[in-house]
Amino acid sequence: MKFTAVCLFSLALVGGTLRLAAAPSYIVTVAKSGGDYSTIQAAINAVTGTVSQPVLVRVAPGIYSETVTMKPYVDVEGAGEGMTSILSHDSWIPTLTTADHSELRSLTVEWSGGKEGPAWAIQIPSGSPSVRNVTAIGQHGPYYVVAVNCKHPSSPVLKNLTLQSSSYGLWNDAETTLVDSSITIYASDLGGGDGIYNAGGLVVLRNVTVDVNSIRREGLDVAPNLAYGIAGAVSGITRLYGSRVSATANGRGSQAYALSEDAADAEVYNSVLSAGGDGATSYGVQTISGIPEIAHIRVHDSTVTAGSYTVFGNATSVTQIAASQLIGPSPVGPVTCAGVSDGTYTFYPAACPP
């Protein structure tokens, strides 16, 4: 085993003061041939990082068929999302599991084609790791497949990610921030798919694009086809800034929801929400709750488009739309509008478009 010692330092701005931030103390290489190790997990197992002596595992181009569990203060860096890939087919086991005080970057992580049970490309169980410039792919599972799963009590920062899945892009019940990223869901004959499912945590989305396209072939006796751009439940909180969310469902009995909150809260700013599909019942914004005033949605300076319901709220929900445009049928339920225009740019200063 050999290490490459690194004595470089970088300048970081902290609290308005420049200070020295240590670069990795050691760099370990992984390669199909000629590296320190031939597998990523072997390299991680061989090192120990600390706050003062972090370690970098640098992975050369290639496809590494293994499951990986990271360590604190040990970063994993690939040669690029199109160059370095980690691939697993094992159900019930994430392809890669992150660790606190670590960063995963510049590679692709994929789970594909297992035989049973749920599956995850990347699972974030705890701590505050960073994941950036990463493609996460989960596809073709017999049950649900998640590209990235952020579990309580983690609080990761996810930046410049590309998430692709046949069922769930991001499954969240933690404090998660997703920035400058795209999520693509193509679900077929699985009953539908979710771009983001917020199961009860806080998820903050900035400049994120979500595209969900769910198709159910005619004649199959399966559950209704459901496409959710963003779905929230169990008192989750979703905050959306400068983003675009599109949900499309096709096939008999299909339903599409750009944003749906069930006993959960959401705030939308400067964003575009749209829902539709071939014969689908489509909802731009849906707010439902079984307990009075548990579900809240507030939409500001945004555009909402849907074929069936631009905004739908049940009797125990609170939905507020301000300085936005609603393109489609009139809102249904206890919805408050202030300064809203319709699809023809007719302005309604203190009421919802009829």
# chains A, B, ... in the order shown; residues from 1 in each chain; ligands from 1

call {"tool": "residues_around", "arguments": {"residues": "range 135-141 of chain A", "least_positions_apart": "3", "cutoff": "8 Å", "atoms": "only C-alpha atoms", "output": "PyMOL selection string"}}
result
chain A and resi 81+107-122+144-148+161-167

call {"tool": "residues_around", "arguments": {"residues": "Glu77 in chain A", "least_positions_apart": "2", "cutoff": "9 Å", "atoms": "only C-alpha atoms", "output": "PyMOL selection string"}}
result
chain A and resi 56-60+75+79-80+103-107

call {"tool": "residues_around", "arguments": {"residues": "His101 in chain A", "least_positions_apart": "5", "cutoff": "8 Å", "atoms": "only C-alpha atoms", "output": "PyMOL selection string"}}
result
chain A and resi 72-74+127-130

call {"tool": "atom_distance", "arguments": {"atom1": "CA of Ala199 in chain A", "atom2": "CA of Gly276 in chain A"}}
result
24.0 Å

call {"tool": "residues_around", "arguments": {"residues": "Leu202 in chain A", "least_positions_apart": "5", "cutoff": "12 Å", "atoms": "only C-alpha atoms", "output": "ChimeraX atom specification"}}
result
/A:150-156,171-178,196-197,232-240,264-267

call {"tool": "atom_distance", "arguments": {"atom1": "CA of Ala249 in chain A", "atom2": "CA of Gln286 in chain A"}}
result
15.8 Å

call {"tool": "residues_around", "arguments": {"residues": "range 270-273 of chain A", "least_positions_apart": "2", "cutoff": "10 Å", "atoms": "only C-alpha atoms", "output": "PDB file with C-alpha atoms, in the first residue's frame"}}
result
ATOM      1  CA  ARG A 206     -32.847  25.957  -5.555  1.00  0.00           C
ATOM      2  CA  ASN A 207     -32.670  26.069  -9.343  1.00  0.00           C
ATOM      3  CA  VAL A 208     -33.857  22.482  -9.673  1.00  0.00           C
ATOM      4  CA  THR A 209     -35.576  20.943 -12.700  1.00  0.00           C
ATOM      5  CA  VAL A 210     -37.931  18.008 -12.139  1.00  0.00           C
ATOM      6  CA  GLY A 229     -43.315  16.088  -9.519  1.00  0.00           C
ATOM      7  CA  ILE A 230     -43.033  16.833  -5.796  1.00  0.00           C
ATOM      8  CA  LEU A 240     -38.907  25.736  -3.859  1.00  0.00           C
ATOM      9  CA  TYR A 241     -36.935  28.615  -5.368  1.00  0.00           C
ATOM     10  CA  GLY A 242     -36.362  29.419  -9.046  1.00  0.00           C
ATOM     11  CA  SER A 243     -37.235  25.910 -10.180  1.00  0.00           C
ATOM     12  CA  ARG A 244     -39.331  24.079 -12.761  1.00  0.00           C
ATOM     13  CA  VAL A 245     -41.498  21.048 -11.980  1.00  0.00           C
ATOM     14  CA  SER A 246     -43.363  19.061 -14.637  1.00  0.00           C
ATOM     15  CA  ALA A 247     -45.504  15.941 -14.130  1.00  0.00           C
ATOM     16  CA  TYR A 257     -49.536  16.273  -9.819  1.00  0.00           C
ATOM     17  CA  ALA A 258     -46.874  18.961 -10.130  1.00  0.00           C
ATOM     18  CA  LEU A 259     -46.947  19.678  -6.370  1.00  0.00           C
ATOM     19  CA  VAL A 268     -42.960  28.172  -3.854  1.00  0.00           C
ATOM     20  CA  ALA A 275     -49.142  18.948 -14.900  1.00  0.00           C
ATOM     21  CA  TYR A 283     -53.290  19.046 -10.682  1.00  0.00           C
ATOM     22  CA  GLY A 284     -50.885  21.974 -10.667  1.00  0.00           C
ATOM     23  CA  VAL A 285     -51.058  22.364  -6.886  1.00  0.00           C
ATOM     24  CA  VAL A 299     -47.144  30.210  -4.022  1.00  0.00           C
ATOM     25  CA  HIS A 300     -45.423  33.507  -4.872  1.00  0.00           C
ATOM     26  CA  ASP A 301     -44.369  35.010  -8.242  1.00  0.00           C
ATOM     27  CA  SER A 302     -44.846  31.718 -10.057  1.00  0.00           C
ATOM     28  CA  THR A 303     -46.788  30.089 -12.890  1.00  0.00           C
ATOM     29  CA  VAL A 304     -49.086  27.092 -12.383  1.00  0.00           C
ATOM     30  CA  THR A 305     -50.513  25.185 -15.379  1.00  0.00           C
ATOM     31  CA  ALA A 306     -52.839  22.156 -15.338  1.00  0.00           C
ATOM     32  CA  THR A 310     -54.653  24.570 -11.395  1.00  0.00           C
ATOM     33  CA  ALA A 323     -48.509  37.618  -7.663  1.00  0.00           C
ATOM     34  CA  SER A 324     -48.720  34.519  -9.856  1.00  0.00           C
ATOM     35  CA  GLN A 325     -50.352  33.227 -13.039  1.00  0.00           C
ATOM     36  CA  LEU A 326     -52.829  30.342 -13.108  1.00  0.00           C
TER      37      LEU A 326
END

call {"tool": "residues_around", "arguments": {"residues": "Pro349 in chain A", "least_positions_apart": "3", "cutoff": "12 Å", "atoms": "only C-alpha atoms", "output": "PyMOL selection string"}}
result
chain A and resi 321-325+336-342+346+352-353

call {"tool": "write_last_selection", "arguments": {"atoms": "N, CA and C atoms", "output": "compact mmCIF listing (two decimals), in the first residue's frame"}}
result
# COMPACT_ATOMS: atom_id res chain seq x y z
N ILE A 321 -52.18 31.98 -2.98
CA ILE A 321 -51.50 32.24 -4.24
C ILE A 321 -51.35 33.76 -4.38
N ALA A 322 -50.13 34.25 -4.58
CA ALA A 322 -49.90 35.68 -4.67
C ALA A 322 -49.00 36.01 -5.85
N ALA A 323 -49.34 37.09 -6.57
CA ALA A 323 -48.51 37.62 -7.66
C ALA A 323 -48.08 36.52 -8.62
N SER A 324 -49.02 35.68 -9.02
CA SER A 324 -48.72 34.52 -9.86
C SER A 324 -49.71 34.41 -11.00
N GLN A 325 -49.45 33.48 -11.92
CA GLN A 325 -50.35 33.23 -13.04
C GLN A 325 -50.87 31.80 -12.97
N THR A 336 -56.98 31.21 -1.37
CA THR A 336 -56.92 32.67 -1.32
C THR A 336 -55.97 33.17 -2.39
N CYS A 337 -56.42 34.13 -3.21
CA CYS A 337 -55.58 34.69 -4.27
C CYS A 337 -55.42 36.19 -4.05
N ALA A 338 -54.21 36.69 -4.34
CA ALA A 338 -53.93 38.12 -4.25
C ALA A 338 -53.03 38.52 -5.42
N GLY A 339 -53.54 39.34 -6.31
CA GLY A 339 -52.73 39.78 -7.43
C GLY A 339 -52.41 38.66 -8.39
N VAL A 340 -53.44 37.91 -8.84
CA VAL A 340 -53.25 36.73 -9.68
C VAL A 340 -53.86 36.98 -11.06
N SER A 341 -53.21 36.50 -12.12
CA SER A 341 -53.76 36.59 -13.47
C SER A 341 -54.07 35.20 -14.00
N ASP A 342 -54.94 35.15 -15.03
CA ASP A 342 -55.28 33.86 -15.63
C ASP A 342 -54.49 33.67 -16.92
N THR A 346 -55.69 38.27 -17.73
CA THR A 346 -56.66 39.08 -17.01
C THR A 346 -56.28 39.09 -15.54
N CYS A 352 -59.56 34.93 -6.82
CA CYS A 352 -59.02 33.93 -7.74
C CYS A 352 -59.72 34.04 -9.09
N PRO A 353 -59.05 33.76 -10.18
CA PRO A 353 -59.72 33.77 -11.50
C PRO A 353 -60.89 32.81 -11.51

call {"tool": "select_by_dssp", "arguments": {"residues": "range 114-323 of chain A", "states": "strand (DSSP E or B)", "output": "VMD selection string"}}
result
chain A and resid 119 to 124 130 to 139 145 to 150 157 to 165 168 to 172 175 to 188 192 to 198 202 to 215 226 to 233 237 to 241 244 to 250 255 to 262 265 to 269 272 to 276 281 to 288 296 to 300 303 to 306 309 to 313 318 to 322

call {"tool": "residues_around", "arguments": {"residues": "Ala280 in chain A", "least_positions_apart": "3", "cutoff": "8 Å", "atoms": "only C-alpha atoms", "output": "JSON, numbers by chain"}}
result
{"A": [249, 250, 251, 252, 253, 254, 255, 256, 276, 277]}

call {"tool": "write_last_selection", "arguments": {"atoms": "N, CA and C atoms", "output": "tab-separated table (two decimals), in the first residue's frame"}}
result
chain	number	residue	atom	x	y	z
A	249	ALA	N	-48.63	12.23	-16.94
A	249	ALA	CA	-49.09	10.84	-16.79
A	249	ALA	C	-49.92	10.46	-18.01
A	250	ASN	N	-49.72	9.27	-18.49
A	250	ASN	CA	-50.44	8.79	-19.67
A	250	ASN	C	-50.99	7.39	-19.42
A	251	GLY	N	-52.08	7.09	-20.08
A	251	GLY	CA	-52.69	5.78	-19.92
A	251	GLY	C	-53.96	5.85	-19.11
A	252	ARG	N	-54.73	4.77	-19.14
A	252	ARG	CA	-56.03	4.71	-18.49
A	252	ARG	C	-55.92	4.94	-16.98
A	253	GLY	N	-56.79	5.82	-16.45
A	253	GLY	CA	-56.82	6.06	-15.02
A	253	GLY	C	-55.65	6.85	-14.49
A	254	SER	N	-54.93	7.57	-15.33
A	254	SER	CA	-53.73	8.26	-14.90
A	254	SER	C	-54.04	9.59	-14.21
A	255	GLN	N	-53.14	9.99	-13.30
A	255	GLN	CA	-53.25	11.25	-12.58
A	255	GLN	C	-51.86	11.88	-12.50
A	256	ALA	N	-51.80	13.19	-12.68
A	256	ALA	CA	-50.53	13.91	-12.64
A	256	ALA	C	-50.62	15.07	-11.66
A	276	GLY	N	-49.99	17.48	-16.65
A	276	GLY	CA	-50.86	17.13	-17.76
A	276	GLY	C	-50.63	15.70	-18.17
A	277	GLY	N	-51.04	15.38	-19.39
A	277	GLY	CA	-50.88	14.03	-19.90
A	277	GLY	C	-52.08	13.61	-20.72

call {"tool": "decode", "arguments": {"residues": "range 123-148 of chain A", "atoms": "N, CA and C atoms", "output": "PDB file, in the first residue's frame"}}
result
ATOM      1  N   GLN A 123     -27.416   6.283  -0.598  1.00  0.00           N
ATOM      2  CA  GLN A 123     -28.143   6.472   0.658  1.00  0.00           C
ATOM      3  C   GLN A 123     -27.310   7.329   1.593  1.00  0.00           C
ATOM      4  N   ILE A 124     -27.967   8.336   2.196  1.00  0.00           N
ATOM      5  CA  ILE A 124     -27.320   9.254   3.132  1.00  0.00           C
ATOM      6  C   ILE A 124     -27.990   9.040   4.484  1.00  0.00           C
ATOM      7  N   PRO A 125     -27.387   8.222   5.369  1.00  0.00           N
ATOM      8  CA  PRO A 125     -28.080   7.830   6.595  1.00  0.00           C
ATOM      9  C   PRO A 125     -28.013   8.843   7.728  1.00  0.00           C
ATOM     10  N   SER A 126     -26.938   9.652   7.783  1.00  0.00           N
ATOM     11  CA  SER A 126     -26.767  10.567   8.906  1.00  0.00           C
ATOM     12  C   SER A 126     -25.650  11.551   8.574  1.00  0.00           C
ATOM     13  N   GLY A 127     -25.419  12.494   9.489  1.00  0.00           N
ATOM     14  CA  GLY A 127     -24.316  13.422   9.313  1.00  0.00           C
ATOM     15  C   GLY A 127     -24.591  14.490   8.275  1.00  0.00           C
ATOM     16  N   SER A 128     -23.529  15.185   7.884  1.00  0.00           N
ATOM     17  CA  SER A 128     -23.634  16.302   6.946  1.00  0.00           C
ATOM     18  C   SER A 128     -22.650  16.152   5.794  1.00  0.00           C
ATOM     19  N   PRO A 129     -22.807  15.131   4.999  1.00  0.00           N
ATOM     20  CA  PRO A 129     -21.902  14.963   3.861  1.00  0.00           C
ATOM     21  C   PRO A 129     -22.253  15.925   2.728  1.00  0.00           C
ATOM     22  N   SER A 130     -21.337  16.033   1.782  1.00  0.00           N
ATOM     23  CA  SER A 130     -21.555  16.799   0.566  1.00  0.00           C
ATOM     24  C   SER A 130     -21.508  15.850  -0.624  1.00  0.00           C
ATOM     25  N   VAL A 131     -22.444  16.037  -1.545  1.00  0.00           N
ATOM     26  CA  VAL A 131     -22.441  15.268  -2.784  1.00  0.00           C
ATOM     27  C   VAL A 131     -22.575  16.273  -3.914  1.00  0.00           C
ATOM     28  N   ARG A 132     -21.597  16.322  -4.813  1.00  0.00           N
ATOM     29  CA  ARG A 132     -21.670  17.297  -5.898  1.00  0.00           C
ATOM     30  C   ARG A 132     -21.083  16.735  -7.185  1.00  0.00           C
ATOM     31  N   ASN A 133     -21.605  17.245  -8.286  1.00  0.00           N
ATOM     32  CA  ASN A 133     -21.175  16.796  -9.617  1.00  0.00           C
ATOM     33  C   ASN A 133     -21.267  15.280  -9.730  1.00  0.00           C
ATOM     34  N   VAL A 134     -22.445  14.768  -9.371  1.00  0.00           N
ATOM     35  CA  VAL A 134     -22.668  13.317  -9.349  1.00  0.00           C
ATOM     36  C   VAL A 134     -23.955  13.004 -10.114  1.00  0.00           C
ATOM     37  N   THR A 135     -23.921  11.912 -10.876  1.00  0.00           N
ATOM     38  CA  THR A 135     -25.124  11.349 -11.476  1.00  0.00           C
ATOM     39  C   THR A 135     -25.518  10.108 -10.680  1.00  0.00           C
ATOM     40  N   ALA A 136     -26.771  10.047 -10.225  1.00  0.00           N
ATOM     41  CA  ALA A 136     -27.276   8.887  -9.493  1.00  0.00           C
ATOM     42  C   ALA A 136     -28.424   8.286 -10.287  1.00  0.00           C
ATOM     43  N   ILE A 137     -28.331   6.980 -10.562  1.00  0.00           N
ATOM     44  CA  ILE A 137     -29.307   6.306 -11.411  1.00  0.00           C
ATOM     45  C   ILE A 137     -29.868   5.097 -10.675  1.00  0.00           C
ATOM     46  N   GLY A 138     -31.183   4.995 -10.628  1.00  0.00           N
ATOM     47  CA  GLY A 138     -31.842   3.808 -10.080  1.00  0.00           C
ATOM     48  C   GLY A 138     -32.911   3.358 -11.044  1.00  0.00           C
ATOM     49  N   GLN A 139     -32.812   2.137 -11.537  1.00  0.00           N
ATOM     50  CA  GLN A 139     -33.755   1.741 -12.577  1.00  0.00           C
ATOM     51  C   GLN A 139     -33.998   0.244 -12.601  1.00  0.00           C
ATOM     52  N   HIS A 140     -35.178  -0.100 -13.156  1.00  0.00           N
ATOM     53  CA  HIS A 140     -35.555  -1.471 -13.487  1.00  0.00           C
ATOM     54  C   HIS A 140     -35.633  -2.394 -12.280  1.00  0.00           C
ATOM     55  N   GLY A 141     -36.126  -1.899 -11.170  1.00  0.00           N
ATOM     56  CA  GLY A 141     -36.284  -2.761 -10.012  1.00  0.00           C
ATOM     57  C   GLY A 141     -37.649  -3.429  -9.987  1.00  0.00           C
ATOM     58  N   PRO A 142     -37.767  -4.559  -9.283  1.00  0.00           N
ATOM     59  CA  PRO A 142     -39.063  -5.219  -9.136  1.00  0.00           C
ATOM     60  C   PRO A 142     -39.960  -4.497  -8.144  1.00  0.00           C
ATOM     61  N   TYR A 143     -39.357  -3.674  -7.306  1.00  0.00           N
ATOM     62  CA  TYR A 143     -40.081  -2.883  -6.321  1.00  0.00           C
ATOM     63  C   TYR A 143     -39.690  -1.432  -6.587  1.00  0.00           C
ATOM     64  N   TYR A 144     -39.745  -0.541  -5.593  1.00  0.00           N
ATOM     65  CA  TYR A 144     -39.362   0.829  -5.879  1.00  0.00           C
ATOM     66  C   TYR A 144     -37.837   0.985  -5.858  1.00  0.00           C
ATOM     67  N   VAL A 145     -37.361   1.953  -6.656  1.00  0.00           N
ATOM     68  CA  VAL A 145     -35.928   2.247  -6.775  1.00  0.00           C
ATOM     69  C   VAL A 145     -35.733   3.739  -6.535  1.00  0.00           C
ATOM     70  N   VAL A 146     -34.767   4.109  -5.691  1.00  0.00           N
ATOM     71  CA  VAL A 146     -34.516   5.498  -5.327  1.00  0.00           C
ATOM     72  C   VAL A 146     -33.123   5.895  -5.799  1.00  0.00           C
ATOM     73  N   ALA A 147     -33.024   7.030  -6.496  1.00  0.00           N
ATOM     74  CA  ALA A 147     -31.706   7.504  -6.906  1.00  0.00           C
ATOM     75  C   ALA A 147     -30.909   7.995  -5.694  1.00  0.00           C
ATOM     76  N   VAL A 148     -31.508   8.887  -4.870  1.00  0.00           N
ATOM     77  CA  VAL A 148     -30.853   9.382  -3.648  1.00  0.00           C
ATOM     78  C   VAL A 148     -31.856   9.345  -2.505  1.00  0.00           C
TER      79      VAL A 148
END
